[in-house]
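What follows is the content of query-v3.cif, which has mmCIF, C-alpha atoms:
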data_model
loop_
_atom_site.label_atom_id
_atom_site.label_comp_id
_atom_site.auth_asym_id
_atom_site.auth_seq_id
_atom_site.Cartn_x
_atom_site.Cartn_y
_atom_site.Cartn_z
CA MET A 64 7.90 6.06 -22.53
CA ASP A 65 8.24 8.60 -25.34
CA ALA A 66 7.33 12.07 -24.09
CA THR A 67 6.85 13.22 -27.70
CA THR A 68 3.88 10.88 -28.09
CA ALA A 69 0.49 12.60 -27.99
CA PRO A 70 -0.78 12.58 -24.39
CA LEU A 71 -3.65 10.42 -23.24
CA VAL A 72 -4.86 13.30 -21.06
CA SER A 73 -4.00 17.01 -21.12
CA VAL A 74 -5.15 19.25 -18.27
CA GLU A 75 -5.05 22.90 -19.28
CA ALA A 76 -5.52 25.80 -16.83
CA LEU A 77 -7.99 23.71 -14.84
CA SER A 78 -9.77 25.43 -11.96
CA ILE A 79 -12.52 23.94 -9.81
CA ARG A 80 -14.57 25.87 -7.28
CA ASP A 81 -17.15 24.74 -4.77
CA GLY A 82 -19.24 27.81 -4.02
CA GLY A 83 -16.75 30.45 -2.96
CA ARG A 84 -14.01 27.93 -2.17
CA VAL A 85 -11.24 27.26 -4.68
CA LEU A 86 -10.41 23.55 -4.74
CA LEU A 87 -8.01 23.61 -7.69
CA ASP A 88 -6.43 26.67 -9.26
CA HIS A 89 -4.93 26.79 -12.77
CA ILE A 90 -3.68 23.20 -13.02
CA ASP A 91 -1.59 22.22 -16.05
CA MET A 92 -0.40 18.66 -16.53
CA ALA A 93 -0.29 15.83 -19.06
CA ILE A 94 -0.21 12.05 -18.93
CA HIS A 95 1.56 10.27 -21.79
CA PRO A 96 1.21 6.62 -22.82
CA GLY A 97 3.10 4.23 -20.58
CA GLU A 98 4.29 6.70 -17.96
CA ILE A 99 3.71 6.58 -14.21
CA VAL A 100 2.58 9.90 -12.74
CA THR A 101 2.28 10.25 -8.97
CA VAL A 102 0.41 13.05 -7.22
CA ILE A 103 1.45 13.99 -3.69
CA GLY A 104 0.29 16.73 -1.35
CA PRO A 105 -1.27 17.38 2.06
CA ASN A 106 -4.78 16.47 3.09
CA GLY A 107 -7.29 18.80 1.47
CA ALA A 108 -4.91 19.63 -1.39
CA GLY A 109 -7.39 18.63 -4.11
CA LYS A 110 -5.77 15.35 -5.16
CA THR A 111 -9.02 13.36 -5.30
CA THR A 112 -10.80 16.30 -6.95
CA LEU A 113 -8.16 16.31 -9.70
CA LEU A 114 -8.58 12.60 -10.35
CA ARG A 115 -12.38 12.90 -10.39
CA ALA A 116 -12.13 15.76 -12.86
CA ILE A 117 -9.94 13.66 -15.16
CA ILE A 118 -12.47 10.80 -15.19
CA GLY A 119 -15.29 13.28 -15.83
CA ALA A 120 -17.03 13.05 -12.44
CA VAL A 121 -16.36 16.72 -11.61
CA ALA A 122 -16.92 19.56 -14.08
CA PRO A 123 -14.23 22.25 -14.48
CA SER A 124 -15.10 25.78 -13.38
CA ALA A 125 -12.48 27.04 -15.83
CA GLY A 126 -9.94 25.51 -18.18
CA ARG A 127 -10.31 22.21 -19.99
CA ILE A 128 -9.35 18.56 -19.99
CA ARG A 129 -8.49 16.95 -23.33
CA ARG A 130 -8.75 13.17 -23.57
CA ALA A 131 -7.37 11.01 -26.38
CA LYS A 132 -9.99 9.37 -28.58
CA ASN A 133 -8.66 5.92 -27.74
CA LEU A 134 -8.60 6.58 -23.99
CA ARG A 135 -9.80 3.72 -21.80
CA ILE A 136 -9.68 4.49 -18.08
CA GLY A 137 -9.64 2.00 -15.24
CA TYR A 138 -10.35 3.75 -11.93
CA THR A 139 -10.20 2.73 -8.29
CA PRO A 140 -11.67 5.20 -5.78
CA GLN A 141 -10.06 6.06 -2.47
CA LYS A 142 -13.05 4.71 -0.57
CA LEU A 143 -16.02 2.52 -1.38
CA ALA A 144 -18.97 2.39 0.99
CA ILE A 145 -20.25 -1.19 1.24
CA GLU A 146 -23.75 -1.62 2.64
CA HIS A 147 -23.53 -4.58 5.00
CA THR A 148 -27.29 -5.22 4.84
CA VAL A 149 -27.25 -5.63 1.04
CA PRO A 150 -25.49 -8.86 0.03
CA ILE A 151 -23.31 -8.72 -3.07
CA THR A 152 -20.55 -11.14 -3.96
CA VAL A 153 -17.24 -10.12 -5.48
CA GLU A 154 -18.15 -11.67 -8.84
CA ARG A 155 -21.53 -9.93 -8.85
CA PHE A 156 -19.82 -6.62 -8.02
CA LEU A 157 -17.52 -7.04 -11.00
CA SER A 158 -20.43 -7.82 -13.32
CA VAL A 159 -22.61 -4.80 -12.43
CA GLY A 160 -22.67 -2.47 -15.44
CA ALA A 161 -19.83 -4.33 -17.13
CA LYS A 162 -20.28 -5.62 -20.68
CA ILE A 163 -17.85 -8.51 -20.41
CA GLY A 164 -18.22 -12.21 -19.93
CA PRO A 165 -17.34 -14.50 -17.02
CA GLY A 166 -14.03 -15.41 -18.61
CA GLU A 167 -12.79 -11.82 -18.48
CA ARG A 168 -13.98 -11.50 -14.88
CA SER A 169 -12.17 -14.67 -13.91
CA ARG A 170 -8.94 -13.53 -15.55
CA ALA A 171 -9.10 -10.15 -13.78
CA LEU A 172 -9.67 -11.83 -10.42
CA GLU A 173 -6.83 -14.27 -11.01
CA ARG A 174 -4.47 -11.48 -12.09
CA THR A 175 -5.11 -9.53 -8.90
CA GLY A 176 -4.83 -12.57 -6.65
CA VAL A 177 -8.41 -12.79 -5.35
CA ALA A 178 -9.90 -15.52 -7.58
CA GLU A 179 -10.67 -17.61 -4.51
CA MET A 180 -12.78 -14.73 -3.16
CA ARG A 181 -15.17 -14.60 -6.13
CA ASN A 182 -18.10 -15.92 -4.04
CA ALA A 183 -17.24 -13.94 -0.91
CA GLN A 184 -19.39 -11.01 0.19
CA MET A 185 -17.86 -7.63 -0.59
CA ALA A 186 -18.64 -6.49 2.96
CA ASP A 187 -16.54 -9.35 4.36
CA LEU A 188 -13.34 -8.55 2.47
CA SER A 189 -10.25 -7.29 4.26
CA GLY A 190 -8.79 -3.95 3.22
CA GLY A 191 -6.23 -5.58 0.96
CA GLU A 192 -8.77 -7.94 -0.62
CA LEU A 193 -11.15 -5.04 -1.29
CA GLN A 194 -8.44 -3.03 -3.03
CA ARG A 195 -7.54 -6.00 -5.22
CA ALA A 196 -11.22 -6.53 -6.10
CA LEU A 197 -11.49 -2.85 -7.06
CA LEU A 198 -8.34 -3.20 -9.15
CA ALA A 199 -9.76 -6.29 -10.86
CA ARG A 200 -12.84 -4.29 -11.88
CA ALA A 201 -10.62 -1.48 -13.20
CA LEU A 202 -8.54 -3.92 -15.25
CA MET A 203 -11.57 -5.50 -16.93
CA ARG A 204 -11.78 -2.49 -19.26
CA ASN A 205 -8.28 -3.24 -20.59
CA PRO A 206 -7.31 0.35 -19.73
CA ASN A 207 -4.50 2.30 -21.30
CA LEU A 208 -4.72 4.64 -18.28
CA LEU A 209 -5.08 3.22 -14.77
CA ILE A 210 -6.08 5.81 -12.14
CA LEU A 211 -5.56 4.84 -8.48
CA ASP A 212 -6.63 7.10 -5.61
CA GLU A 213 -4.53 6.17 -2.54
CA PRO A 214 -5.03 2.45 -3.20
CA THR A 215 -3.02 1.32 -0.16
CA GLN A 216 -4.73 3.57 2.38
CA GLY A 217 -5.40 1.57 5.52
CA LEU A 218 -3.19 -1.37 4.55
CA ASP A 219 -0.34 -2.57 6.72
CA GLN A 220 3.24 -2.46 5.43
CA PRO A 221 3.27 -5.97 3.91
CA GLY A 222 -0.10 -5.26 2.28
CA GLU A 223 1.21 -2.00 0.81
CA ALA A 224 4.36 -3.67 -0.51
CA GLY A 225 2.39 -6.50 -2.10
CA PHE A 226 -0.07 -4.15 -3.76
CA TYR A 227 2.66 -1.94 -5.20
CA ARG A 228 4.48 -5.01 -6.55
CA LEU A 229 1.25 -6.03 -8.27
CA ILE A 230 0.87 -2.57 -9.83
CA GLU A 231 4.46 -2.68 -11.11
CA GLU A 232 3.84 -6.11 -12.64
CA ILE A 233 0.65 -4.93 -14.36
CA HIS A 234 2.47 -1.87 -15.70
CA ALA A 235 5.27 -4.04 -17.06
CA GLU A 236 2.83 -6.50 -18.65
CA THR A 237 0.33 -4.09 -20.18
CA GLY A 238 2.31 -0.89 -20.73
CA CYS A 239 -0.64 1.16 -19.49
CA ALA A 240 -0.07 4.61 -18.08
CA ILE A 241 -0.70 4.97 -14.34
CA LEU A 242 -1.87 8.04 -12.43
CA ILE A 243 -1.67 7.40 -8.71
CA VAL A 244 -2.21 9.40 -5.54
CA SER A 245 0.16 7.99 -2.95
CA HIS A 246 1.29 8.82 0.57
CA ASP A 247 4.33 6.55 0.29
CA ILE A 248 7.20 8.88 -0.59
CA HIS A 249 9.66 6.03 -1.13
CA VAL A 250 7.41 4.47 -3.77
CA VAL A 251 6.94 7.86 -5.42
CA MET A 252 10.64 8.44 -5.79
CA ARG A 253 11.43 4.86 -6.83
CA ALA A 254 8.74 4.10 -9.39
CA ALA A 255 7.37 7.35 -10.84
CA ASP A 256 8.37 8.92 -14.15
CA LYS A 257 6.83 12.20 -13.05
CA VAL A 258 5.79 13.61 -9.65
CA ILE A 259 3.26 16.40 -9.13
CA CYS A 260 3.21 18.14 -5.75
CA LEU A 261 -0.27 19.60 -5.33
CA ASN A 262 -1.72 22.02 -2.79
CA GLY A 263 -4.71 23.49 -4.59
CA HIS A 264 -2.28 24.39 -7.36
CA VAL A 265 0.89 22.75 -8.65
CA CYS A 266 3.68 23.55 -6.17
CA CYS A 267 6.27 21.72 -8.25
CA ALA A 268 6.34 18.98 -10.87
CA GLY A 269 8.83 16.97 -12.87
CA GLU A 270 11.06 13.93 -12.62
CA PRO A 271 11.48 12.60 -9.07
CA ALA A 272 15.09 13.82 -8.74
CA ALA A 273 14.10 17.35 -9.76
CA VAL A 274 11.08 17.46 -7.46
CA SER A 275 13.08 16.15 -4.49
CA ALA A 276 15.48 19.09 -4.89
CA ASP A 277 12.75 21.71 -5.36
CA PRO A 278 12.41 24.27 -2.51
CA SER A 279 8.65 23.60 -2.28
CA TYR A 280 9.24 19.89 -1.79
CA LEU A 281 12.06 20.46 0.68
CA ARG A 282 9.93 22.81 2.74
CA LEU A 283 7.04 20.36 2.67
CA PHE A 284 9.18 17.49 3.95
CA GLY A 285 11.45 19.42 6.25
CA GLY A 286 14.35 19.11 3.81
CA ARG A 287 14.46 15.31 4.08
CA ALA A 288 13.38 12.89 1.37
CA ASP A 289 12.60 10.31 4.08
CA ALA A 290 10.28 12.61 6.03
CA THR A 291 7.71 10.97 8.26
CA LEU A 292 4.33 10.06 6.83
CA ALA A 293 2.70 12.00 9.67
CA LEU A 294 4.25 15.21 8.34
CA TYR A 295 3.17 14.40 4.81
CA ARG A 296 -0.39 13.52 5.72
CA HIS A 297 -1.18 16.41 8.01
CA HIS A 298 1.12 19.38 7.53
CA HIS A 299 2.15 21.68 4.73
CA ASP A 300 4.49 24.29 6.24
CA HIS A 301 4.30 26.86 3.48
CA SER A 302 1.74 28.71 1.43
CA HIS A 303 1.96 30.15 -2.02
CA ASP A 304 0.79 33.22 -3.86
CA HIS A 305 -0.76 32.84 -7.31
CA ASP A 306 2.69 32.91 -8.93
CA HIS A 307 3.52 29.76 -6.89
CA ARG A 308 6.24 31.52 -4.88
CA LEU A 309 6.92 30.43 -1.33
CA CYS A 310 5.31 32.78 1.16
CA GLY A 311 6.68 31.18 4.30
CA HIS A 312 3.47 31.02 6.33
CA ASP A 313 3.01 27.94 8.50
CA HIS A 314 -0.35 26.22 8.32
CA ALA A 315 -1.86 22.75 8.58
CA HIS A 316 -4.67 21.16 6.58
CA ASP A 317 -7.53 18.96 7.65
CA GLU A 318 -8.94 16.53 5.17
CA SER A 319 -11.71 18.10 3.14
CA PRO A 320 -14.03 15.75 1.24
CA ALA A 321 -13.96 16.01 -2.50
CA PRO A 322 -17.15 17.23 -4.13
#
Please express what this file holds, its structure, as structure tokens.
Amino acid sequence: MDATTAPLVSVEALSIRDGGRVLLDHIDMAIHPGEIVTVIGPNGAGKTTLLRAIIGAVAPSAGRIRRAKNLRIGYTPQKLAIEHTVPITVERFLSVGAKIGPGERSRALERTGVAEMRNAQMADLSGGELQRALLARALMRNPNLLILDEPTQGLDQPGEAGFYRLIEEIHAETGCAILIVSHDIHVVMRAADKVICLNGHVCCAGEPAAVSADPSYLRLFGGRADATLALYRHHHDHSHDHDHRLCGHDHAHDESPAP
């Protein structure tokens, strides 16, 4: 990945408010071709809101998002509500709103390992099968930016490992950039080119080695790179002023739904 290449996405002084509540405050970041960018942070930190803003589903309250003219985004949401009373097969789900033929659908299903599920009902899929079906739909656009919002949430450890291996293979094969929200710190530090620690604003950002030595990251994980996932998911033991300095106030976050 050449950092001098024009970015696929540039986020400039992005702020998003919901009524009187600030969801994101003055976010600056960029995603370059071919790089893997991972976003971490506590529940309610605005991670999903950031991703939805990048895909255009949430409008900025201030700032801007610049997208390359050749940008093709493949997106998998954190959650997908499946109505059990409305039957829809996996293949039908992939074809809704998609201007591609059955051959492309078949190749996407085969690449993600769920070709044998093409006639299964979406509501009957396991968590891992559902995530792979969502990934297959994202890949049908031949994206140069793949955006994944906690794609392994709810999967067991073997399911997580298998899914991350698949993502690494797709990255190696296609060279697409990947923006991923992940709760798996080991994956973040092993696979990412850049890590962004978010808590309504950018606490710290950079290469994994730099972020892991940053005071904000160390405070967040109790000074240990192998901190428990429970700490990561539910607690953020510092707050910041608008200059992003540590204020040293303990607090915990509950998950707040994205707008």
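Each of A:Arg195, A:Lys257, A:His89, A:Arg200 was compared to Ala125 in chain A using all atoms listed in the file, and A:His89 turns out to be the nearest.
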Handout entry: Between CA of Ile243 in chain A and CA of Leu283 in chain A - distance in Å to one decimal
Key =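 Going from CA of Leu283 in chain A over to CA of Ile243 in chain A, I get 19.3 Å.
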Exercise for the section: Select, from A:Ala186, A:Met92, A:Leu198, A:Ile233, the residue with the minimum atom-to-atom distance to Thr148 in chain A, counting only C-alpha atoms. Expected result: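 The answer is A:Ala186, which sits nearest to Thr148 in chain A.
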Problem - Matched chain/residue IDs from the PyMOL selection byres ((chain A and resi 95) around 10), as a list in words - result: Met64, Asp65, Ala66, Thr67, Thr68, Ala69, Pro70, Leu71, Val72, Ser73, Ala93, Ile94, Pro96, Gly97, Glu98, Ile99, Val100, Leu208, Cys239, Ala240 and Ile241 of chain A
Exercise for the section: Can you turn the PyMOL selection byres ((chain A and resi 260) around 8) into a concrete residue list for this file, as a ChimeraX atom specification? Expected result: /A:102-104,258-259,261-262,265-268,280
File dump, residues just selected, C-alpha atoms, as an mmCIF file, keeping the file's coordinate frame:
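File again.cif, as written:
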data_model
loop_
_atom_site.group_PDB
_atom_site.id
_atom_site.type_symbol
_atom_site.label_atom_id
_atom_site.label_comp_id
_atom_site.auth_asym_id
_atom_site.auth_seq_id
_atom_site.Cartn_x
_atom_site.Cartn_y
_atom_site.Cartn_z
ATOM 1 C CA VAL A 102 0.410 13.050 -7.220
ATOM 2 C CA ILE A 103 1.450 13.990 -3.690
ATOM 3 C CA GLY A 104 0.290 16.730 -1.350
ATOM 4 C CA VAL A 258 5.790 13.610 -9.650
ATOM 5 C CA ILE A 259 3.260 16.400 -9.130
ATOM 6 C CA LEU A 261 -0.270 19.600 -5.330
ATOM 7 C CA ASN A 262 -1.720 22.020 -2.790
ATOM 8 C CA VAL A 265 0.890 22.750 -8.650
ATOM 9 C CA CYS A 266 3.680 23.550 -6.170
ATOM 10 C CA CYS A 267 6.270 21.720 -8.250
ATOM 11 C CA ALA A 268 6.340 18.980 -10.870
ATOM 12 C CA TYR A 280 9.240 19.890 -1.790
#
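Relative to CA of Gly119 in chain A, CA of Leu172 in chain A is found at 26.3 Å.
Of the residues listed (A:Gly164, A:Gly126, A:Pro150, A:Pro214), A:Pro214 shows the shortest atom-to-atom separation from Leu242 in chain A; distances use all atoms listed in the file.
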